[in-house]
$ cat entry_20.csv   # CSV, C-alpha atoms (C1' of nucleotides)
chain,number,residue,atom,x,y,z
O,1,MET,CA,74.6,246.1,-33.4
O,2,ASN,CA,72.1,248.7,-32.2
O,3,ASP,CA,69.6,246.5,-34.1
O,4,LEU,CA,70.6,243.6,-31.9
O,5,LEU,CA,70.1,245.6,-28.7
O,6,GLU,CA,66.7,246.7,-30.0
O,7,ARG,CA,65.7,243.1,-30.9
O,8,LEU,CA,66.8,241.9,-27.5
O,9,ARG,CA,64.8,244.6,-25.7
O,10,ASP,CA,61.8,243.7,-27.7
O,11,ARG,CA,62.1,240.2,-26.5
O,12,GLY,CA,62.0,241.3,-22.9
O,13,TRP,CA,65.7,241.6,-22.1
O,14,ARG,CA,66.7,244.0,-19.4
O,15,LEU,CA,69.3,246.2,-21.0
O,16,THR,CA,72.1,246.3,-18.5
O,17,SER,CA,75.5,247.9,-19.1
O,18,GLN,CA,77.1,244.4,-18.9
O,19,ARG,CA,74.9,243.0,-21.6
O,20,ARG,CA,75.5,246.1,-23.8
O,21,VAL,CA,79.2,245.7,-23.5
O,22,VAL,CA,79.2,242.0,-24.3
O,23,ALA,CA,77.0,242.7,-27.4
O,24,GLU,CA,79.4,245.5,-28.5
O,25,VAL,CA,82.5,243.3,-28.1
O,26,LEU,CA,80.8,240.7,-30.4
O,27,ASP,CA,80.2,243.2,-33.2
O,28,GLY,CA,81.9,242.8,-36.6
O,29,ASP,CA,82.9,240.2,-39.2
O,30,HIS,CA,85.2,237.2,-38.7
O,31,VAL,CA,84.8,237.5,-35.0
O,32,HIS,CA,85.3,234.2,-33.2
O,33,LEU,CA,86.2,234.9,-29.6
O,34,THR,CA,86.4,232.6,-26.7
O,35,ALA,CA,84.4,233.4,-23.5
O,36,ASP,CA,87.6,234.5,-21.9
O,37,GLU,CA,88.5,236.8,-24.7
O,38,VAL,CA,85.1,238.3,-24.6
O,39,HIS,CA,85.5,238.8,-20.9
O,40,ALA,CA,88.9,240.5,-21.3
O,41,ARG,CA,87.6,242.9,-23.9
O,42,ALA,CA,84.4,243.6,-22.0
O,43,ALA,CA,86.5,244.3,-18.9
O,44,ALA,CA,88.5,246.8,-20.7
O,45,ARG,CA,85.4,248.9,-20.9
O,46,LEU,CA,83.6,247.8,-17.8
O,47,PRO,CA,86.2,246.6,-15.3
O,48,GLU,CA,83.8,245.1,-12.8
O,49,ILE,CA,82.1,242.8,-15.2
O,50,SER,CA,82.4,239.2,-13.9
O,51,ARG,CA,83.1,236.0,-15.8
O,52,ALA,CA,79.8,234.6,-14.7
O,53,THR,CA,77.9,237.4,-16.4
O,54,VAL,CA,79.8,237.0,-19.6
O,55,TYR,CA,79.0,233.2,-19.6
O,56,ASN,CA,75.4,234.0,-18.8
O,57,THR,CA,75.0,236.6,-21.5
O,58,LEU,CA,76.8,234.5,-24.2
O,59,GLY,CA,74.5,231.6,-23.3
O,60,GLU,CA,71.4,233.7,-23.7
O,61,LEU,CA,72.6,235.2,-27.0
O,62,VAL,CA,73.1,231.7,-28.3
O,63,ALA,CA,69.7,230.5,-27.0
O,64,LEU,CA,68.1,233.5,-28.7
O,65,GLY,CA,69.8,232.6,-32.0
O,66,GLU,CA,71.7,235.9,-32.1
O,67,VAL,CA,75.2,234.3,-31.8
O,68,LEU,CA,76.6,230.9,-32.8
O,69,GLU,CA,78.6,228.7,-30.7
O,70,VAL,CA,81.5,227.1,-32.6
O,71,ALA,CA,83.5,224.1,-31.5
O,72,THR,CA,86.5,223.9,-33.8
O,73,ASP,CA,89.1,222.4,-31.5
O,74,GLY,CA,87.7,220.6,-28.5
O,75,ARG,CA,89.0,223.3,-26.3
O,76,ALA,CA,87.3,226.6,-25.5
O,77,ARG,CA,84.0,227.3,-27.4
O,78,ARG,CA,84.0,230.3,-29.6
O,79,TYR,CA,81.2,232.8,-30.2
O,80,ASP,CA,80.3,234.0,-33.7
O,81,PRO,CA,78.0,237.0,-34.0
O,82,ASN,CA,77.4,236.3,-37.7
O,83,ALA,CA,74.4,234.2,-37.0
O,84,HIS,CA,72.0,235.6,-39.7
O,85,ARG,CA,74.0,234.5,-42.8
O,86,ALA,CA,74.6,230.8,-43.3
O,87,HIS,CA,78.3,230.1,-43.4
O,88,GLN,CA,80.9,227.6,-42.5
O,89,HIS,CA,84.4,227.8,-41.0
O,90,LEU,CA,87.9,227.4,-42.3
O,91,VAL,CA,90.5,226.8,-39.6
O,92,CYS,CA,94.3,226.9,-39.8
O,93,SER,CA,95.8,223.8,-38.2
O,94,GLY,CA,98.9,225.8,-37.5
O,95,CYS,CA,97.9,229.0,-35.8
O,96,GLY,CA,94.2,228.4,-35.2
O,97,ALA,CA,93.0,231.3,-37.3
O,98,ILE,CA,89.4,231.1,-38.3
O,99,ARG,CA,87.6,232.5,-41.4
O,100,ASP,CA,84.0,232.5,-42.3
O,101,VAL,CA,83.5,230.8,-45.7
O,102,HIS,CA,80.6,230.2,-48.0
O,103,PRO,CA,80.7,226.8,-49.8
O,104,HIS,CA,78.2,226.4,-52.6
O,105,GLY,CA,75.1,224.2,-52.3
O,106,ASP,CA,73.5,223.1,-49.0
O,107,PRO,CA,75.7,220.7,-47.1
O,108,LEU,CA,72.5,219.1,-45.7
O,109,ALA,CA,71.5,218.0,-49.2
O,110,ALA,CA,74.5,215.6,-49.4
O,111,LEU,CA,73.1,213.3,-46.6
O,112,PRO,CA,70.7,210.8,-48.2
O,113,ALA,CA,67.6,209.7,-46.3
O,114,ALA,CA,69.1,206.2,-45.9
O,115,GLU,CA,71.9,207.8,-43.9
O,116,ARG,CA,69.7,209.7,-41.5
O,117,PHE,CA,68.7,206.8,-39.3
O,118,GLY,CA,65.3,208.2,-38.5
O,119,PHE,CA,66.8,211.5,-37.2
O,120,THR,CA,65.1,214.8,-38.1
O,121,VAL,CA,68.2,216.5,-39.4
O,122,THR,CA,68.1,220.3,-39.2
O,123,ALA,CA,71.6,221.6,-39.6
O,124,ALA,CA,75.1,220.8,-41.0
O,125,GLU,CA,78.2,222.4,-39.6
O,126,VAL,CA,81.3,222.1,-41.7
O,127,THR,CA,84.8,222.8,-40.5
O,128,TYR,CA,87.4,223.0,-43.3
O,129,ARG,CA,91.0,222.4,-42.1
O,130,GLY,CA,94.3,223.4,-43.7
O,131,LEU,CA,97.2,225.7,-43.4
O,132,CYS,CA,97.0,229.4,-43.8
O,133,PRO,CA,99.5,231.3,-46.0
O,134,ASP,CA,101.5,232.3,-42.9
O,135,CYS,CA,101.8,228.8,-41.6
O,136,ARG,CA,102.6,227.0,-44.8
O,137,PRO,CA,106.2,225.5,-44.7
V,138,MET,CA,91.8,195.0,-33.6
V,139,ASN,CA,94.6,192.5,-33.6
V,140,ASP,CA,95.6,194.1,-36.8
V,141,LEU,CA,95.8,197.4,-35.0
V,142,LEU,CA,98.1,196.0,-32.4
V,143,GLU,CA,100.3,194.5,-35.1
V,144,ARG,CA,100.5,197.7,-37.0
V,145,LEU,CA,101.5,199.5,-33.8
V,146,ARG,CA,104.2,197.0,-33.0
V,147,ASP,CA,105.6,197.3,-36.5
V,148,ARG,CA,105.8,201.0,-35.9
V,149,GLY,CA,108.0,200.5,-32.9
V,150,TRP,CA,105.4,200.6,-30.2
V,151,ARG,CA,106.1,198.8,-26.9
V,152,LEU,CA,103.1,196.6,-26.4
V,153,THR,CA,102.1,197.2,-22.8
V,154,SER,CA,99.0,195.8,-21.2
V,155,GLN,CA,97.7,199.4,-20.8
V,156,ARG,CA,97.9,200.1,-24.4
V,157,ARG,CA,96.4,196.8,-25.3
V,158,VAL,CA,93.4,197.5,-23.1
V,159,VAL,CA,92.9,201.0,-24.5
V,160,ALA,CA,93.0,199.6,-28.0
V,161,GLU,CA,90.5,196.9,-27.1
V,162,VAL,CA,88.1,199.4,-25.5
V,163,LEU,CA,88.2,201.4,-28.8
V,164,ASP,CA,87.2,198.4,-30.9
V,165,GLY,CA,83.9,198.4,-32.8
V,166,ASP,CA,81.6,200.6,-34.9
V,167,HIS,CA,79.9,203.8,-33.8
V,168,VAL,CA,82.2,204.1,-30.9
V,169,HIS,CA,82.7,207.7,-29.8
V,170,LEU,CA,83.9,207.6,-26.3
V,171,THR,CA,85.4,210.5,-24.2
V,172,ALA,CA,88.8,210.0,-22.6
V,173,ASP,CA,87.0,209.5,-19.3
V,174,GLU,CA,84.8,206.9,-20.7
V,175,VAL,CA,87.8,205.1,-22.2
V,176,HIS,CA,89.5,205.3,-18.8
V,177,ALA,CA,86.4,203.9,-17.0
V,178,ARG,CA,86.1,200.9,-19.4
V,179,ALA,CA,89.8,200.3,-19.4
V,180,ALA,CA,89.9,200.4,-15.6
V,181,ALA,CA,87.2,197.7,-15.5
V,182,ARG,CA,89.8,195.3,-17.0
V,183,LEU,CA,93.0,196.8,-15.6
V,184,PRO,CA,92.1,198.6,-12.4
V,185,GLU,CA,95.5,200.3,-11.9
V,186,ILE,CA,95.5,202.1,-15.3
V,187,SER,CA,96.0,205.8,-14.8
V,188,ARG,CA,94.2,208.7,-16.5
V,189,ALA,CA,97.6,210.0,-17.7
V,190,THR,CA,98.3,206.8,-19.6
V,191,VAL,CA,94.9,206.8,-21.2
V,192,TYR,CA,95.4,210.4,-22.4
V,193,ASN,CA,98.9,209.6,-23.6
V,194,THR,CA,97.7,206.5,-25.5
V,195,LEU,CA,94.8,208.2,-27.1
V,196,GLY,CA,97.1,211.1,-28.2
V,197,GLU,CA,99.5,208.6,-29.7
V,198,LEU,CA,96.8,206.7,-31.5
V,199,VAL,CA,95.5,210.0,-33.0
V,200,ALA,CA,99.0,211.1,-34.0
V,201,LEU,CA,99.5,207.7,-35.8
V,202,GLY,CA,96.2,208.2,-37.6
V,203,GLU,CA,94.6,205.1,-36.1
V,204,VAL,CA,91.9,207.0,-34.2
V,205,LEU,CA,90.1,210.3,-34.9
V,206,GLU,CA,89.5,213.0,-32.4
V,207,VAL,CA,86.0,214.4,-32.7
V,208,ALA,CA,84.8,217.8,-31.3
V,209,THR,CA,81.1,217.8,-31.6
V,210,ASP,CA,80.1,219.8,-28.6
V,211,GLY,CA,82.8,222.0,-27.2
V,212,ARG,CA,83.0,219.8,-24.2
V,213,ALA,CA,85.0,216.6,-23.9
V,214,ARG,CA,86.8,215.4,-27.1
V,215,ARG,CA,85.6,212.0,-28.3
V,216,TYR,CA,87.7,209.3,-29.9
V,217,ASP,CA,86.5,207.4,-33.0
V,218,PRO,CA,88.4,204.3,-34.0
V,219,ASN,CA,86.8,204.3,-37.5
V,220,ALA,CA,89.7,206.2,-38.9
V,221,HIS,CA,90.2,204.2,-42.1
V,222,ARG,CA,86.9,204.9,-43.8
V,223,ALA,CA,86.0,208.5,-44.5
V,224,HIS,CA,82.8,209.5,-42.8
V,225,GLN,CA,81.0,212.3,-41.0
V,226,HIS,CA,78.9,212.5,-37.8
V,227,LEU,CA,75.2,212.9,-37.1
V,228,VAL,CA,74.6,214.1,-33.6
V,229,CYS,CA,71.3,214.2,-31.6
V,230,SER,CA,70.7,217.6,-30.1
V,231,GLY,CA,68.6,216.0,-27.4
V,232,CYS,CA,70.6,213.1,-26.0
V,233,GLY,CA,74.0,213.6,-27.7
V,234,ALA,CA,73.9,210.2,-29.5
V,235,ILE,CA,76.4,210.1,-32.4
V,236,ARG,CA,76.2,208.0,-35.6
V,237,ASP,CA,78.8,207.7,-38.3
V,238,VAL,CA,77.2,208.7,-41.6
V,239,HIS,CA,78.4,208.7,-45.3
V,240,PRO,CA,77.2,211.7,-47.3
V,241,HIS,CA,77.7,211.5,-51.0
V,242,GLY,CA,80.3,213.6,-52.7
V,243,ASP,CA,83.4,215.1,-51.2
V,244,PRO,CA,82.5,218.0,-48.9
V,245,LEU,CA,85.8,219.6,-49.7
V,246,ALA,CA,84.7,220.0,-53.3
V,247,ALA,CA,82.0,222.5,-52.3
V,248,LEU,CA,84.5,225.1,-51.2
V,249,PRO,CA,85.5,227.2,-54.2
V,250,ALA,CA,89.1,228.5,-54.6
V,251,ALA,CA,87.9,232.0,-54.1
V,252,GLU,CA,86.7,231.0,-50.6
V,253,ARG,CA,90.0,229.5,-49.5
V,254,PHE,CA,91.8,232.7,-48.8
V,255,GLY,CA,95.2,231.2,-49.7
V,256,PHE,CA,94.8,228.3,-47.3
V,257,THR,CA,96.0,224.8,-48.3
V,258,VAL,CA,92.8,223.1,-47.4
V,259,THR,CA,93.2,219.4,-46.6
V,260,ALA,CA,90.1,218.2,-44.8
V,261,ALA,CA,86.4,218.9,-44.2
V,262,GLU,CA,84.6,217.7,-41.1
V,263,VAL,CA,80.8,217.8,-41.2
V,264,THR,CA,78.6,217.5,-38.1
V,265,TYR,CA,74.9,217.0,-39.0
V,266,ARG,CA,72.6,218.0,-36.1
V,267,GLY,CA,69.0,216.9,-35.4
V,268,LEU,CA,66.8,214.9,-33.2
V,269,CYS,CA,67.0,211.1,-33.0
V,270,PRO,CA,63.7,209.1,-33.0
V,271,ASP,CA,63.8,208.7,-29.2
V,272,CYS,CA,64.2,212.4,-28.6
V,273,ARG,CA,61.6,213.7,-31.1
V,274,PRO,CA,58.7,215.4,-29.4
K,275,DT,C1',60.2,257.9,-6.3
K,276,DC,C1',59.6,253.2,-4.9
K,277,DC,C1',59.4,248.2,-5.6
K,278,DT,C1',60.5,244.0,-7.1
K,279,DA,C1',61.8,240.5,-10.2
K,280,DA,C1',65.6,240.1,-12.9
K,281,DC,C1',70.3,240.6,-13.2
K,282,DT,C1',75.2,240.6,-11.4
K,283,DT,C1',78.9,239.4,-8.4
K,284,DG,C1',82.8,236.7,-6.4
K,285,DG,C1',84.1,232.6,-5.1
K,286,DA,C1',83.7,227.8,-4.6
K,287,DC,C1',83.4,223.8,-7.3
K,288,DT,C1',83.5,220.5,-11.4
K,289,DT,C1',85.2,218.8,-15.6
K,290,DT,C1',88.6,218.2,-18.9
K,291,DG,C1',93.2,218.1,-20.0
K,292,DT,C1',98.5,218.7,-19.2
K,293,DC,C1',102.9,218.0,-16.9
K,294,DC,C1',106.5,215.9,-14.2
K,295,DA,C1',109.7,213.2,-11.1
K,296,DA,C1',110.0,208.7,-9.7
K,297,DG,C1',109.2,203.9,-10.3
K,298,DT,C1',108.3,199.9,-13.6
K,299,DC,C1',108.8,196.8,-17.4
K,300,DA,C1',109.0,195.1,-22.6
K,301,DA,C1',112.1,193.9,-25.7
K,302,DC,C1',116.6,193.1,-27.1
K,303,DA,C1',121.3,191.1,-26.5
K,304,DC,C1',123.7,187.7,-24.5
W,305,DG,C1',117.0,182.2,-18.8
W,306,DT,C1',119.1,186.8,-17.1
W,307,DG,C1',120.5,191.4,-17.3
W,308,DT,C1',120.1,196.0,-19.1
W,309,DT,C1',118.1,200.1,-20.6
W,310,DG,C1',115.2,203.4,-22.5
W,311,DA,C1',110.5,203.7,-23.1
W,312,DC,C1',106.4,203.5,-20.6
W,313,DT,C1',103.4,204.2,-16.5
W,314,DT,C1',101.9,206.3,-12.3
W,315,DG,C1',99.8,209.6,-8.9
W,316,DG,C1',99.4,213.9,-7.9
W,317,DA,C1',99.8,218.7,-8.7
W,318,DC,C1',98.4,222.0,-11.8
W,319,DA,C1',95.9,224.6,-15.5
W,320,DA,C1',92.0,225.9,-18.4
W,321,DA,C1',87.1,226.1,-19.3
W,322,DG,C1',82.7,226.2,-17.5
W,323,DT,C1',78.9,225.9,-13.8
W,324,DC,C1',76.5,227.1,-9.7
W,325,DC,C1',74.8,229.7,-5.8
W,326,DA,C1',73.7,233.0,-2.0
W,327,DA,C1',73.9,237.7,-1.4
W,328,DG,C1',73.8,242.2,-3.3
W,329,DT,C1',72.4,245.6,-7.0
W,330,DT,C1',69.5,247.7,-10.4
W,331,DA,C1',66.3,248.4,-14.8
W,332,DG,C1',62.0,249.5,-15.7
W,333,DG,C1',57.2,249.6,-14.6
W,334,DA,C1',53.6,251.3,-11.1

$ encode --input "entry_20.csv" --output "structure tokens"
Amino acid sequence: MNDLLERLRDRGWRLTSQRRVVAEVLDGDHVHLTADEVHARAAARLPEISRATVYNTLGELVALGEVLEVATDGRARRYDPNAHRAHQHLVCSGCGAIRDVHPHGDPLAALPAAERFGFTVTAAEVTYRGLCPDCRP
Amino acid sequence: MNDLLERLRDRGWRLTSQRRVVAEVLDGDHVHLTADEVHARAAARLPEISRATVYNTLGELVALGEVLEVATDGRARRYDPNAHRAHQHLVCSGCGAIRDVHPHGDPLAALPAAERFGFTVTAAEVTYRGLCPDCRP
DNA sequence: TCCTAACTTGGACTTTGTCCAAGTCAACAC
DNA sequence: GTGTTGACTTGGACAAAGTCCAAGTTAGGA
């Protein structure tokens, strides 16, 4: 995570306490927080931090490629700091739990040229859905 | 589309003019409308139709498996009437255009048991991203 | 230590979706 | 046909998620 702050400074970021706290909140594996959750956790350390700043900072981290934005449910976007290792997501239809998973092969390879309709296709996001052990009937 | 209305009646649906109009708006291929777009098009034919009814009807169609809910961008959900033929989506990062596409193989098969963490995995949704011919620089 | 452009703030506003009490009507029975 | 009734629809209030902006603050270079 210190690496992240270094990289950001190298890219001309002003290193404010707000940005530092947001980056710290997003540290770890299997982290998929909504913007509101990030705000709540950041505010625990820095009570004055505003929602607008959290949204701004998350948007910048996504633009810089340091954090992924994940849309698994059509409601709040989630933010995934594990941006430097290709992975997909497994989501529980019952409780909404999210795990990072690593399917084999490149999902992009499954899309034949004839099915690309002239698009320059650069990425494939896969959401696996099912029930986690706790939610199974 | 008449088939759809028949199927719904067989399942005990009351066939109101509102539901008929919503079903008609959702007819066709490569249709991926937001709830608001559905409402706007439905209102062109039936001006008094309310947003609440459109949301209710879309929710019911999804619950019955006649329409798919697609979350490609973390904003408005989109509704895809092509629910009876397995397919995935190709989305333009520039203009947001969406195409139905058919990759080969079953995307579910790429997820090894060791990567399922005890989940009962039932579906895989793939979103391919890229630039469409019109948006390419 | 000062300066200034970059950053943050709070609040207003928009978009998307949900909920509810009251009114309406499709479908069945007659 | 006509009547009945529970399912459906409505408008509006509300909630959740996200954007925008003018005014105030501050990191980092001079």

$ residues_around --input "entry_20.csv" --residues "segment 37-46 of chain O" --least-positions-apart "2" --cutoff "9 Å" --atoms "all atoms listed in the file" --output "tab-separated table (two decimals) with C-alpha atoms, in the frame of the given file"
chain	number	residue	atom	x	y	z
O	17	SER	CA	75.50	247.90	-19.10
O	18	GLN	CA	77.10	244.40	-18.90
O	21	VAL	CA	79.20	245.70	-23.50
O	22	VAL	CA	79.20	242.00	-24.30
O	24	GLU	CA	79.40	245.50	-28.50
O	25	VAL	CA	82.50	243.30	-28.10
O	26	LEU	CA	80.80	240.70	-30.40
O	33	LEU	CA	86.20	234.90	-29.60
O	34	THR	CA	86.40	232.60	-26.70
O	35	ALA	CA	84.40	233.40	-23.50
O	48	GLU	CA	83.80	245.10	-12.80
O	49	ILE	CA	82.10	242.80	-15.20
O	50	SER	CA	82.40	239.20	-13.90
O	51	ARG	CA	83.10	236.00	-15.80
O	53	THR	CA	77.90	237.40	-16.40
O	54	VAL	CA	79.80	237.00	-19.60
O	55	TYR	CA	79.00	233.20	-19.60
O	79	TYR	CA	81.20	232.80	-30.20

$ closest_residue --input "entry_20.csv" --among "O:Gly28, O:Gly94, O:Gly130, O:Gly65" --to "chain V" --atoms "all atoms listed in the file"
O:Gly130

$ atom_distance --input "entry_20.csv" --atom1 "atom CA of Asp166 of chain V" --atom2 "atom CA of Arg236 of chain V"
9.2 Å

$ atom_distance --input "entry_20.csv" --atom1 "atom CA of Ala109 of chain O" --atom2 "atom CA of His32 of chain O"
26.6 Å

$ interface_residues --input "entry_20.csv" --of "chain K" --to "chain V" --cutoff "9 Å" --atoms "all atoms listed in the file" --output "PyMOL selection string"
chain K and resi 289-292+299-301

$ atom_distance --input "entry_20.csv" --atom1 "atom CA of Arg222 of chain V" --atom2 "atom CA of Cys272 of chain V"
28.3 Å

$ interface_residues --input "entry_20.csv" --of "chain O" --to "chain V" --cutoff "6 Å" --atoms "only C-alpha atoms" --output "VMD selection string"
chain O and resid 71 74 77 101 103 to 104 110 to 111 115 118 to 133

$ write_last_selection --input "entry_20.csv" --atoms "C-alpha atoms" --output "CSV table (one decimal), in the coordinates of the input"
chain,number,residue,atom,x,y,z
O,71,ALA,CA,83.5,224.1,-31.5
O,74,GLY,CA,87.7,220.6,-28.5
O,77,ARG,CA,84.0,227.3,-27.4
O,101,VAL,CA,83.5,230.8,-45.7
O,103,PRO,CA,80.7,226.8,-49.8
O,104,HIS,CA,78.2,226.4,-52.6
O,110,ALA,CA,74.5,215.6,-49.4
O,111,LEU,CA,73.1,213.3,-46.6
O,115,GLU,CA,71.9,207.8,-43.9
O,118,GLY,CA,65.3,208.2,-38.5
O,119,PHE,CA,66.8,211.5,-37.2
O,120,THR,CA,65.1,214.8,-38.1
O,121,VAL,CA,68.2,216.5,-39.4
O,122,THR,CA,68.1,220.3,-39.2
O,123,ALA,CA,71.6,221.6,-39.6
O,124,ALA,CA,75.1,220.8,-41.0
O,125,GLU,CA,78.2,222.4,-39.6
O,126,VAL,CA,81.3,222.1,-41.7
O,127,THR,CA,84.8,222.8,-40.5
O,128,TYR,CA,87.4,223.0,-43.3
O,129,ARG,CA,91.0,222.4,-42.1
O,130,GLY,CA,94.3,223.4,-43.7
O,131,LEU,CA,97.2,225.7,-43.4
O,132,CYS,CA,97.0,229.4,-43.8
O,133,PRO,CA,99.5,231.3,-46.0

$ residues_around --input "entry_20.csv" --residues "DG307 of chain W" --least-positions-apart "3" --cutoff "12 Å" --atoms "all atoms listed in the file" --output "PyMOL selection string"
chain K and resi 302-304

$ interface_residues --input "entry_20.csv" --of "chain W" --to "chain V" --cutoff "10 Å" --atoms "all atoms listed in the file" --output "ChimeraX atom specification"
/W:311-315,321-322

$ write_last_selection --input "entry_20.csv" --atoms "C-alpha atoms (C1' of nucleotides)" --output "mmCIF file, in the coordinates of the input"
data_model
loop_
_atom_site.group_PDB
_atom_site.id
_atom_site.type_symbol
_atom_site.label_atom_id
_atom_site.label_comp_id
_atom_site.auth_asym_id
_atom_site.auth_seq_id
_atom_site.Cartn_x
_atom_site.Cartn_y
_atom_site.Cartn_z
ATOM 1 C "C1'" DA W 311 110.500 203.700 -23.100
ATOM 2 C "C1'" DC W 312 106.400 203.500 -20.600
ATOM 3 C "C1'" DT W 313 103.400 204.200 -16.500
ATOM 4 C "C1'" DT W 314 101.900 206.300 -12.300
ATOM 5 C "C1'" DG W 315 99.800 209.600 -8.900
ATOM 6 C "C1'" DA W 321 87.100 226.100 -19.300
ATOM 7 C "C1'" DG W 322 82.700 226.200 -17.500
#

$ build_atoms --input "entry_20.csv" --residues "segment 226-237 of chain V" --atoms "N, CA and C atoms" --output "CSV table (one decimal), in the frame of the given file"
chain,number,residue,atom,x,y,z
V,226,HIS,N,79.7,212.9,-39.0
V,226,HIS,CA,78.9,212.5,-37.8
V,226,HIS,C,77.5,213.2,-37.8
V,227,LEU,N,76.6,212.4,-37.3
V,227,LEU,CA,75.2,212.9,-37.1
V,227,LEU,C,75.0,212.8,-35.6
V,228,VAL,N,74.7,214.0,-35.0
V,228,VAL,CA,74.6,214.1,-33.6
V,228,VAL,C,73.2,214.5,-33.1
V,229,CYS,N,72.6,213.8,-32.2
V,229,CYS,CA,71.3,214.2,-31.6
V,229,CYS,C,71.4,215.4,-30.7
V,230,SER,N,70.7,216.4,-30.9
V,230,SER,CA,70.7,217.6,-30.1
V,230,SER,C,70.1,217.3,-28.7
V,231,GLY,N,69.3,216.3,-28.7
V,231,GLY,CA,68.6,216.0,-27.4
V,231,GLY,C,69.5,215.2,-26.5
V,232,CYS,N,69.9,214.0,-26.9
V,232,CYS,CA,70.6,213.1,-26.0
V,232,CYS,C,72.1,213.0,-26.3
V,233,GLY,N,72.6,213.6,-27.4
V,233,GLY,CA,74.0,213.6,-27.7
V,233,GLY,C,74.4,212.3,-28.4
V,234,ALA,N,73.5,211.4,-28.8
V,234,ALA,CA,73.9,210.2,-29.5
V,234,ALA,C,74.6,210.6,-30.8
V,235,ILE,N,75.6,209.8,-31.2
V,235,ILE,CA,76.4,210.1,-32.4
V,235,ILE,C,76.4,208.8,-33.3
V,236,ARG,N,76.1,209.1,-34.6
V,236,ARG,CA,76.2,208.0,-35.6
V,236,ARG,C,77.2,208.4,-36.6
V,237,ASP,N,78.0,207.4,-37.1
V,237,ASP,CA,78.8,207.7,-38.3
V,237,ASP,C,77.9,207.7,-39.5
